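Input: a single structure, listed below in structure tokens.
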Amino acid sequence: MACWSILCCVSFGYANGDNQRRMFFYAGLVVIGSGFFDLVDGRVARASNRSPASEDFRFRVDRYSDASLFFGLLVFYARGNRFST
């Protein structure tokens with residue numbers, strides 16, 4: 001999921017006024033697809049009796065990939081000067 005989240009982060013960060021709808025659509029598709037594969041990955045790990053250490057590592061990678069999504073949105077809003085009140 002981490003590599004997909006990086007792709008999503010880049011899509012959010014690359015979006016501007018001209019291509020915002022398209023880039024957010026692509027980023028949304030990536031989020032939905034990576035969530036589905038993350039769900040399948042958990043079931044496969046349980047079925048193959050993976051060690052708890054690999055589940056802990058997978059949990060940490062999932063949290064870092066979630067943070068990368070927020071970072072992409074942060075870049076999008078920072079580039080548009082949307083932080084000023």
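Note on naming: chains are A, B, ... as they come in the structure tokens, residues start from 1 per chain, ligands start from 1 in the order shown.
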
Pull the closest atom pair for each residue of segment 40-74 of chain A that gets at most 9 Å from segment 10-33 of chain A, along with the distance in Å to one decimal, counting only C-alpha atoms, ordering rows by chain and then ascending residue number, as a tab-separated table.
residue	atom	partner	partner_atom	distance
A:Leu69	CA	A:Phe12	CA	7.9
A:Phe71	CA	A:Gly13	CA	8.3
A:Gly72	CA	A:Gly13	CA	4.9
A:Leu73	CA	A:Phe12	CA	5.6
A:Leu74	CA	A:Gly13	CA	7.8

- Task: Determine which residues of chain A receive a DSSP assignment of helix (DSSP H, G or I), computed from the backbone, and state them as a PyMOL selection string.
- Result: chain A and resi 2-14+20-47+52-79

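The nearest approach to Asp62 of chain A among the residues A:Asn49, A:Gly80, A:Val75, A:Asp38, with only C-alpha atoms taken into account, belongs to A:Asp38.
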
- Item | Between atom CA of Cys9 of chain A and atom CA of Asp41 of chain A, distance in Å (one decimal) | 21.3 Å

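Relative to atom CA of Val40 of chain A, atom CA of Phe70 of chain A is found at 23.4 Å.
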